[in-house]
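To be precise, the following lines are input_19.csv, and they hold CSV, C-alpha atoms.
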chain,number,residue,atom,x,y,z
A,1,MET,CA,224.8,-78.4,-41.6
A,2,ASP,CA,223.1,-78.0,-38.2
A,3,GLU,CA,225.3,-77.1,-35.3
A,4,VAL,CA,225.5,-79.2,-32.2
A,5,GLU,CA,224.1,-77.4,-29.2
A,6,VAL,CA,225.0,-78.6,-25.7
A,7,VAL,CA,221.8,-78.3,-23.8
A,8,VAL,CA,223.1,-79.7,-20.5
A,9,ALA,CA,226.2,-81.7,-19.6
A,10,HIS,CA,227.6,-83.0,-16.3
A,11,SER,CA,229.1,-86.2,-15.0
A,12,GLU,CA,225.8,-88.1,-14.9
A,13,ARG,CA,224.3,-87.2,-18.2
A,14,ALA,CA,224.3,-84.9,-21.2
A,15,THR,CA,221.8,-83.7,-23.7
A,16,LEU,CA,222.7,-82.4,-27.2
A,17,ARG,CA,220.6,-80.8,-29.8
A,18,VAL,CA,221.2,-81.2,-33.5
A,19,GLY,CA,218.4,-79.5,-35.5
A,20,ASP,CA,215.1,-80.9,-34.4
A,21,VAL,CA,216.7,-83.9,-32.7
A,22,PHE,CA,217.7,-84.2,-29.1
A,23,LEU,CA,220.4,-86.8,-28.2
A,24,LYS,CA,220.3,-87.8,-24.5
A,25,VAL,CA,223.4,-89.7,-23.2
A,26,ASP,CA,222.9,-91.2,-19.8
A,27,ALA,CA,225.3,-93.3,-17.7
A,28,ASP,CA,222.4,-94.9,-15.9
A,29,GLN,CA,220.3,-96.9,-18.4
A,30,ALA,CA,217.6,-97.4,-15.8
A,31,ARG,CA,216.7,-93.7,-16.1
A,32,ILE,CA,216.4,-94.1,-19.9
A,33,ASP,CA,214.2,-97.1,-19.4
A,34,VAL,CA,211.9,-95.1,-17.1
A,35,GLU,CA,211.8,-92.2,-19.6
A,36,VAL,CA,210.8,-94.3,-22.5
A,37,GLU,CA,208.2,-96.3,-20.6
A,38,ALA,CA,206.7,-93.3,-18.9
A,39,MET,CA,206.3,-91.4,-22.2
A,40,ALA,CA,204.5,-94.4,-23.7
A,41,LEU,CA,202.0,-94.4,-20.8
A,42,VAL,CA,201.2,-90.8,-19.9
A,43,PRO,CA,198.0,-89.0,-21.3
A,44,VAL,CA,199.8,-85.7,-21.9
A,45,PRO,CA,201.9,-84.6,-24.9
A,46,THR,CA,205.5,-85.9,-24.9
A,47,PRO,CA,208.4,-85.9,-27.4
A,48,GLU,CA,208.4,-88.6,-30.1
A,49,VAL,CA,211.1,-91.3,-29.5
A,50,LEU,CA,213.0,-91.6,-32.8
A,51,TRP,CA,215.5,-94.3,-31.9
A,52,ARG,CA,217.4,-95.7,-29.0
A,53,LYS,CA,220.9,-97.2,-28.9
A,54,PRO,CA,222.3,-97.4,-25.4
A,55,PRO,CA,223.6,-95.2,-23.9
A,56,VAL,CA,221.8,-92.8,-26.3
A,57,LEU,CA,218.2,-91.9,-26.7
A,58,ALA,CA,217.1,-89.7,-29.6
A,59,VAL,CA,213.8,-87.8,-29.3
A,60,ALA,CA,212.2,-85.2,-31.6
A,61,ALA,CA,211.9,-81.6,-30.5
A,62,VAL,CA,208.4,-80.5,-29.3
A,63,PRO,CA,206.8,-77.4,-30.8
A,64,GLY,CA,206.5,-74.2,-28.9
A,65,THR,CA,208.7,-72.7,-26.2
A,66,ALA,CA,209.4,-73.4,-22.6
A,67,LEU,CA,206.8,-72.1,-20.1
A,68,GLY,CA,209.7,-70.4,-18.4
A,69,ARG,CA,213.2,-70.6,-17.0
A,70,LEU,CA,214.3,-70.6,-13.3
A,71,GLY,CA,215.8,-67.2,-12.6
A,72,GLU,CA,214.0,-65.4,-15.4
A,73,PRO,CA,210.5,-63.9,-15.6
A,74,SER,CA,208.1,-66.0,-17.5
A,75,THR,CA,206.5,-64.4,-20.6
A,76,ALA,CA,203.8,-67.1,-20.7
A,77,SER,CA,200.2,-66.0,-20.2
A,78,PRO,CA,198.1,-66.9,-17.1
A,79,THR,CA,196.1,-69.1,-19.4
A,80,ALA,CA,199.2,-71.1,-20.3
A,81,TRP,CA,200.2,-71.5,-16.7
A,82,ALA,CA,196.6,-72.8,-16.0
A,83,ALA,CA,196.9,-75.2,-18.9
A,84,ALA,CA,200.1,-76.6,-17.2
A,85,GLY,CA,198.1,-77.1,-14.1
A,86,ALA,CA,195.3,-78.9,-16.0
A,87,ALA,CA,197.9,-81.1,-17.7
A,88,MET,CA,199.3,-82.1,-14.3
A,89,ARG,CA,195.8,-83.0,-13.1
A,90,LYS,CA,195.4,-85.2,-16.2
A,91,LEU,CA,198.7,-86.9,-15.4
A,92,HIS,CA,198.0,-87.3,-11.7
A,93,ASP,CA,194.6,-88.9,-12.6
A,94,ALA,CA,196.2,-91.5,-14.9
A,95,PRO,CA,196.6,-95.1,-13.9
A,96,LEU,CA,199.6,-95.6,-11.6
A,97,PRO,CA,202.8,-97.0,-13.1
A,98,SER,CA,204.4,-100.0,-11.5
A,99,TRP,CA,207.4,-98.2,-10.1
A,100,ALA,CA,208.2,-95.5,-7.6
A,101,GLY,CA,209.6,-92.2,-8.9
A,102,ARG,CA,211.7,-89.4,-7.5
A,103,ALA,CA,208.5,-87.7,-6.1
A,104,GLY,CA,207.8,-90.9,-4.2
A,105,ARG,CA,210.9,-91.3,-2.0
A,106,ASP,CA,210.6,-92.8,1.4
A,107,LEU,CA,209.9,-90.0,3.9
A,108,ASP,CA,212.3,-91.2,6.5
A,109,GLU,CA,215.1,-91.5,4.0
A,110,LEU,CA,214.3,-88.1,2.6
A,111,ALA,CA,214.3,-86.5,6.1
A,112,ALA,CA,217.7,-88.1,6.8
A,113,ASP,CA,219.1,-86.7,3.5
A,114,LEU,CA,217.7,-83.3,4.3
A,115,ASP,CA,219.2,-83.2,7.8
A,116,GLY,CA,222.5,-84.2,6.3
A,117,GLU,CA,222.4,-81.5,3.7
A,118,CYS,CA,221.4,-78.8,6.2
A,119,GLU,CA,224.3,-79.8,8.5
A,120,TRP,CA,226.7,-79.7,5.6
A,121,LEU,CA,225.5,-76.2,4.4
A,122,VAL,CA,226.0,-74.7,7.8
A,123,ARG,CA,229.2,-76.5,8.7
A,124,ASN,CA,230.9,-75.4,5.5
A,125,GLY,CA,229.5,-71.8,5.7
A,126,VAL,CA,227.6,-72.2,2.4
A,127,LEU,CA,224.4,-70.6,3.8
A,128,PRO,CA,223.7,-68.8,7.1
A,129,ALA,CA,222.5,-71.0,9.9
A,130,GLY,CA,219.3,-69.0,10.4
A,131,LEU,CA,218.4,-69.3,6.7
A,132,VAL,CA,218.9,-73.1,6.8
A,133,THR,CA,217.1,-73.6,10.1
A,134,ARG,CA,214.0,-71.6,9.0
A,135,ASN,CA,213.7,-73.5,5.7
A,136,ARG,CA,214.2,-76.8,7.5
A,137,GLN,CA,211.2,-75.8,9.6
A,138,VAL,CA,209.1,-74.9,6.6
A,139,ALA,CA,210.1,-78.2,4.9
A,140,GLU,CA,208.6,-80.2,7.7
A,141,ALA,CA,205.1,-79.8,6.3
A,142,ALA,CA,206.1,-82.0,3.3
A,143,PHE,CA,206.5,-85.0,5.7
A,144,ARG,CA,202.9,-86.2,5.8
A,145,PRO,CA,200.9,-89.0,4.4
A,146,TRP,CA,200.0,-88.7,0.7
A,147,THR,CA,198.2,-90.8,-1.9
A,148,PRO,CA,200.4,-92.0,-4.7
A,149,VAL,CA,199.7,-90.6,-8.2
A,150,PHE,CA,201.6,-90.8,-11.5
A,151,THR,CA,204.2,-88.0,-11.2
A,152,HIS,CA,206.7,-86.5,-13.6
A,153,GLY,CA,209.3,-86.2,-10.8
A,154,ASP,CA,211.4,-83.4,-12.3
A,155,LEU,CA,208.7,-81.0,-13.5
A,156,GLN,CA,211.0,-77.9,-13.9
A,157,VAL,CA,209.3,-75.0,-15.6
A,158,SER,CA,211.7,-75.4,-18.5
A,159,HIS,CA,210.5,-79.0,-19.1
A,160,VAL,CA,206.9,-77.8,-20.0
A,161,PHE,CA,206.4,-76.4,-23.5
A,162,VAL,CA,203.6,-74.2,-24.7
A,163,ASP,CA,202.4,-73.3,-28.2
A,164,GLY,CA,200.3,-70.2,-27.8
A,165,GLU,CA,198.3,-71.1,-24.7
A,166,GLU,CA,198.2,-74.9,-25.1
A,167,ILE,CA,200.6,-77.4,-23.7
A,168,SER,CA,202.6,-78.8,-26.7
A,169,GLY,CA,204.9,-81.1,-24.8
A,170,ILE,CA,206.4,-82.1,-21.5
A,171,ILE,CA,210.0,-83.4,-21.6
A,172,ASP,CA,212.5,-85.3,-19.5
A,173,TRP,CA,210.6,-88.1,-17.8
A,174,SER,CA,213.5,-90.1,-16.3
A,175,GLU,CA,212.4,-89.4,-12.7
A,176,ALA,CA,208.7,-90.3,-13.4
A,177,GLY,CA,206.8,-92.8,-11.3
A,178,GLN,CA,204.5,-93.1,-8.3
A,179,GLY,CA,204.8,-90.1,-6.0
A,180,ASP,CA,203.4,-87.1,-4.3
A,181,ALA,CA,201.3,-84.9,-6.6
A,182,LEU,CA,202.2,-81.7,-4.7
A,183,TYR,CA,205.9,-82.4,-5.4
A,184,ASP,CA,205.2,-81.9,-9.1
A,185,LEU,CA,203.2,-78.7,-8.6
A,186,ALA,CA,205.9,-77.3,-6.3
A,187,THR,CA,208.7,-78.1,-8.8
A,188,LEU,CA,206.8,-76.5,-11.6
A,189,THR,CA,206.3,-73.3,-9.6
A,190,LEU,CA,209.7,-73.1,-7.9
A,191,GLY,CA,211.0,-69.6,-8.3
A,192,HIS,CA,207.7,-68.6,-10.0
A,193,GLU,CA,205.5,-68.2,-6.9
A,194,GLU,CA,203.5,-65.5,-8.7
A,195,HIS,CA,202.0,-68.1,-11.0
A,196,LEU,CA,201.0,-70.6,-8.3
A,197,GLY,CA,197.4,-69.4,-8.3
A,198,ASN,CA,197.1,-69.9,-12.1
A,199,VAL,CA,198.5,-73.4,-11.8
A,200,VAL,CA,196.2,-74.4,-8.9
A,201,ALA,CA,193.2,-72.9,-10.8
A,202,GLY,CA,194.0,-75.1,-13.8
A,203,TYR,CA,194.6,-78.1,-11.6
A,204,GLY,CA,191.0,-77.8,-10.5
A,205,THR,CA,191.1,-78.9,-6.9
A,206,ASP,CA,192.2,-77.5,-3.6
A,207,VAL,CA,195.8,-78.0,-2.7
A,208,ASP,CA,197.7,-77.4,0.6
A,209,LEU,CA,199.8,-74.4,-0.2
A,210,ASP,CA,201.9,-74.9,3.0
A,211,VAL,CA,203.0,-78.2,1.5
A,212,ILE,CA,203.8,-76.6,-1.8
A,213,ARG,CA,206.0,-74.1,0.1
A,214,ALA,CA,207.5,-76.9,2.1
A,215,TRP,CA,208.6,-78.6,-1.1
A,216,TRP,CA,210.1,-75.4,-2.4
A,217,SER,CA,212.3,-75.2,0.7
A,218,LEU,CA,213.1,-78.9,0.8
A,219,ARG,CA,214.0,-79.2,-2.9
A,220,SER,CA,216.2,-76.0,-2.7
A,221,LEU,CA,218.0,-77.2,0.4
A,222,LEU,CA,218.8,-80.5,-1.2
A,223,ALA,CA,219.9,-79.0,-4.5
A,224,VAL,CA,222.4,-76.4,-3.4
A,225,ARG,CA,225.4,-78.6,-3.0
A,226,TRP,CA,224.6,-80.8,-6.1
A,227,LEU,CA,224.2,-77.7,-8.3
A,228,ALA,CA,227.5,-76.2,-7.1
A,229,GLU,CA,229.4,-79.4,-7.6
A,230,HIS,CA,228.1,-79.8,-11.1
A,231,GLY,CA,228.9,-76.4,-12.5
A,232,PHE,CA,225.6,-74.6,-11.8
A,233,ASP,CA,225.0,-71.5,-9.7
A,234,PRO,CA,222.2,-71.9,-7.1
A,235,SER,CA,222.9,-68.3,-5.9
A,236,ALA,CA,222.0,-66.8,-9.3
A,237,PRO,CA,219.1,-64.3,-9.1
A,238,GLY,CA,215.8,-66.0,-8.8
A,239,CYS,CA,217.3,-69.4,-8.2
A,240,GLU,CA,217.4,-71.8,-5.3
A,241,VAL,CA,219.1,-69.6,-2.7
A,242,ASP,CA,216.7,-66.7,-3.5
A,243,VAL,CA,213.8,-69.2,-3.1
A,244,LEU,CA,215.2,-70.1,0.4
A,245,ARG,CA,215.5,-66.4,1.3
A,246,SER,CA,211.9,-65.8,0.3
A,247,ARG,CA,210.8,-68.0,3.2
A,248,MET,CA,212.4,-65.7,5.8

What would the structure in this file look like if it were written as structure tokens?
Amino acid sequence: MDEVEVVVAHSERATLRVGDVFLKVDADQARIDVEVEAMALVPVPTPEVLWRKPPVLAVAAVPGTALGRLGEPSTASPTAWAAAGAAMRKLHDAPLPSWAGRAGRDLDELAADLDGECEWLVRNGVLPAGLVTRNRQVAEAAFRPWTPVFTHGDLQVSHVFVDGEEISGIIDWSEAGQGDALYDLATLTLGHEEHLGNVVAGYGTDVDLDVIRAWWSLRSLLAVRWLAEHGFDPSAPGCEVDVLRSRM
């Protein structure tokens, strides 16, 4: 009998693996609705939906291995990283979905949330004031006009799977929707700056690298408290706090 593996579990959602089946349990059914609809629309490989019985969604495992993990060196080839960039260009060129995603948050609301998190990080002594101030300055470049595209919205490197040098599947689409293309590219390369050139080459068009770096700072500043409160360590080597330090 296959063992049950807890892939991720916190107060909002949990994902379990049993053999080649992933069971996703989510307290917010709207996220599952988005995930199922997005996977039906996107022109890139996604997991097969096996069945759905709220609050559980069952999907098949995709072949291959994750492109990488935050905090660990990636063993994927430069060609595989470029293939991830090409897959993102294909997604971003797809017809827009009808809804906004995480990468499409209102900029004024996002700036207010960022200022609140920066104040909390300093007031509680979680991070040095100079580190927070510098990264808040870097993050400012993300607050500019952008043209909406179909975004994944949570394109962590562990959500992109490769089989050899080909993209075999992209998972976890619950944050998908209209958004800023550079948010996806920044999320994919967070903590893996050395592979940014390969991703951009595969993407096939010029991108503003200052905006990519801005999203690295912004995403990391927003994540520190949430990660700590949900049992993760943003200070682990190569993770969010190290990303913030790299901007100094």

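Our summary of the geometry notes that CA of Asp184 (chain A) is positioned 14.8 Å from CA of Gly197 (chain A).
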
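Each of A:Leu155, A:Val4, A:Leu185, A:Leu222 was checked against Asn198 (chain A) using only C-alpha atoms; the smallest atom-to-atom distance is that of A:Leu185.
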
**Point-to-point distance in Å for CA of His159 (chain A) and CA of Asp108 (chain A)** = 28.4 Å

**Item:** Spatial neighbours of Gly116 (chain A), max dist 12 Å, all atoms listed in the file, sep filter under 5 positions, as a ChimeraX atom specification
**Value:** /A:109-111,121-123,132,136,221-222,225

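For the choices A:Pro237, A:Gly169, A:Pro78, A:Gly68, the atom-to-atom distance to Val44 (chain A) is smallest for A:Gly169 when using all atoms listed in the file.
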
Distance query Ser220 (chain A) at most 8 Å, all atoms listed in the file, self and fewer than 3 positions along chain excluded, as a short mmCIF file (atom, residue, chain, number, x, y, z; two decimals) with C-alpha atoms, in the coordinates of the input:
data_model
loop_
_atom_site.label_atom_id
_atom_site.label_comp_id
_atom_site.auth_asym_id
_atom_site.auth_seq_id
_atom_site.Cartn_x
_atom_site.Cartn_y
_atom_site.Cartn_z
CA TRP A 216 210.10 -75.40 -2.40
CA SER A 217 212.30 -75.20 0.70
CA ALA A 223 219.90 -79.00 -4.50
CA VAL A 224 222.40 -76.40 -3.40
CA GLU A 240 217.40 -71.80 -5.30
CA VAL A 241 219.10 -69.60 -2.70
CA VAL A 243 213.80 -69.20 -3.10
CA LEU A 244 215.20 -70.10 0.40
#

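If only C-alpha atoms are the atoms counted, then among A:Asp28, A:Glu35, A:Glu165, A:Glu72 the closest residue to Ala236 (chain A) is A:Glu72.
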
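Among the candidate residues A:Ala27, A:Gly125, A:Asn135, A:Phe22, the one lying nearest to His10 (chain A) is A:Ala27, with distances computed using all atoms listed in the file.
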
**Prompt:** Residues at most 12 Å from Leu41 (chain A), counting only C-alpha atoms, excluding those fewer than 6 positions away in the same chain, as a ChimeraX atom specification?
**Reply:** /A:34-35,91,94-98,150-152,173,176-177

Could you write out that same residue set with C-alpha atoms as a PDB file, keeping the file's coordinate frame?
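New file result13.pdb:
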ATOM      1  CA  VAL A  34     211.900 -95.100 -17.100  1.00  0.00           C
ATOM      2  CA  GLU A  35     211.800 -92.200 -19.600  1.00  0.00           C
ATOM      3  CA  LEU A  91     198.700 -86.900 -15.400  1.00  0.00           C
ATOM      4  CA  ALA A  94     196.200 -91.500 -14.900  1.00  0.00           C
ATOM      5  CA  PRO A  95     196.600 -95.100 -13.900  1.00  0.00           C
ATOM      6  CA  LEU A  96     199.600 -95.600 -11.600  1.00  0.00           C
ATOM      7  CA  PRO A  97     202.800 -97.000 -13.100  1.00  0.00           C
ATOM      8  CA  SER A  98     204.400-100.000 -11.500  1.00  0.00           C
ATOM      9  CA  PHE A 150     201.600 -90.800 -11.500  1.00  0.00           C
ATOM     10  CA  THR A 151     204.200 -88.000 -11.200  1.00  0.00           C
ATOM     11  CA  HIS A 152     206.700 -86.500 -13.600  1.00  0.00           C
ATOM     12  CA  TRP A 173     210.600 -88.100 -17.800  1.00  0.00           C
ATOM     13  CA  ALA A 176     208.700 -90.300 -13.400  1.00  0.00           C
ATOM     14  CA  GLY A 177     206.800 -92.800 -11.300  1.00  0.00           C
TER      15      GLY A 177
END

**Request:** Can you work out which one of A:Arg89, A:Leu127, A:Ile171, A:Ala66 has the shortest atom-to-atom distance to Asp206 (chain A), counting only C-alpha atoms?
**Result:** A:Arg89

**Item:** Separation of CA of Gly71 (chain A) from CA of Leu227 (chain A) in Å
**Value:** 14.1 Å

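Closest to Glu119 (chain A) among A:Trp51, A:Leu218, A:Thr133, A:Ala60 is A:Thr133, based on all atoms listed in the file.
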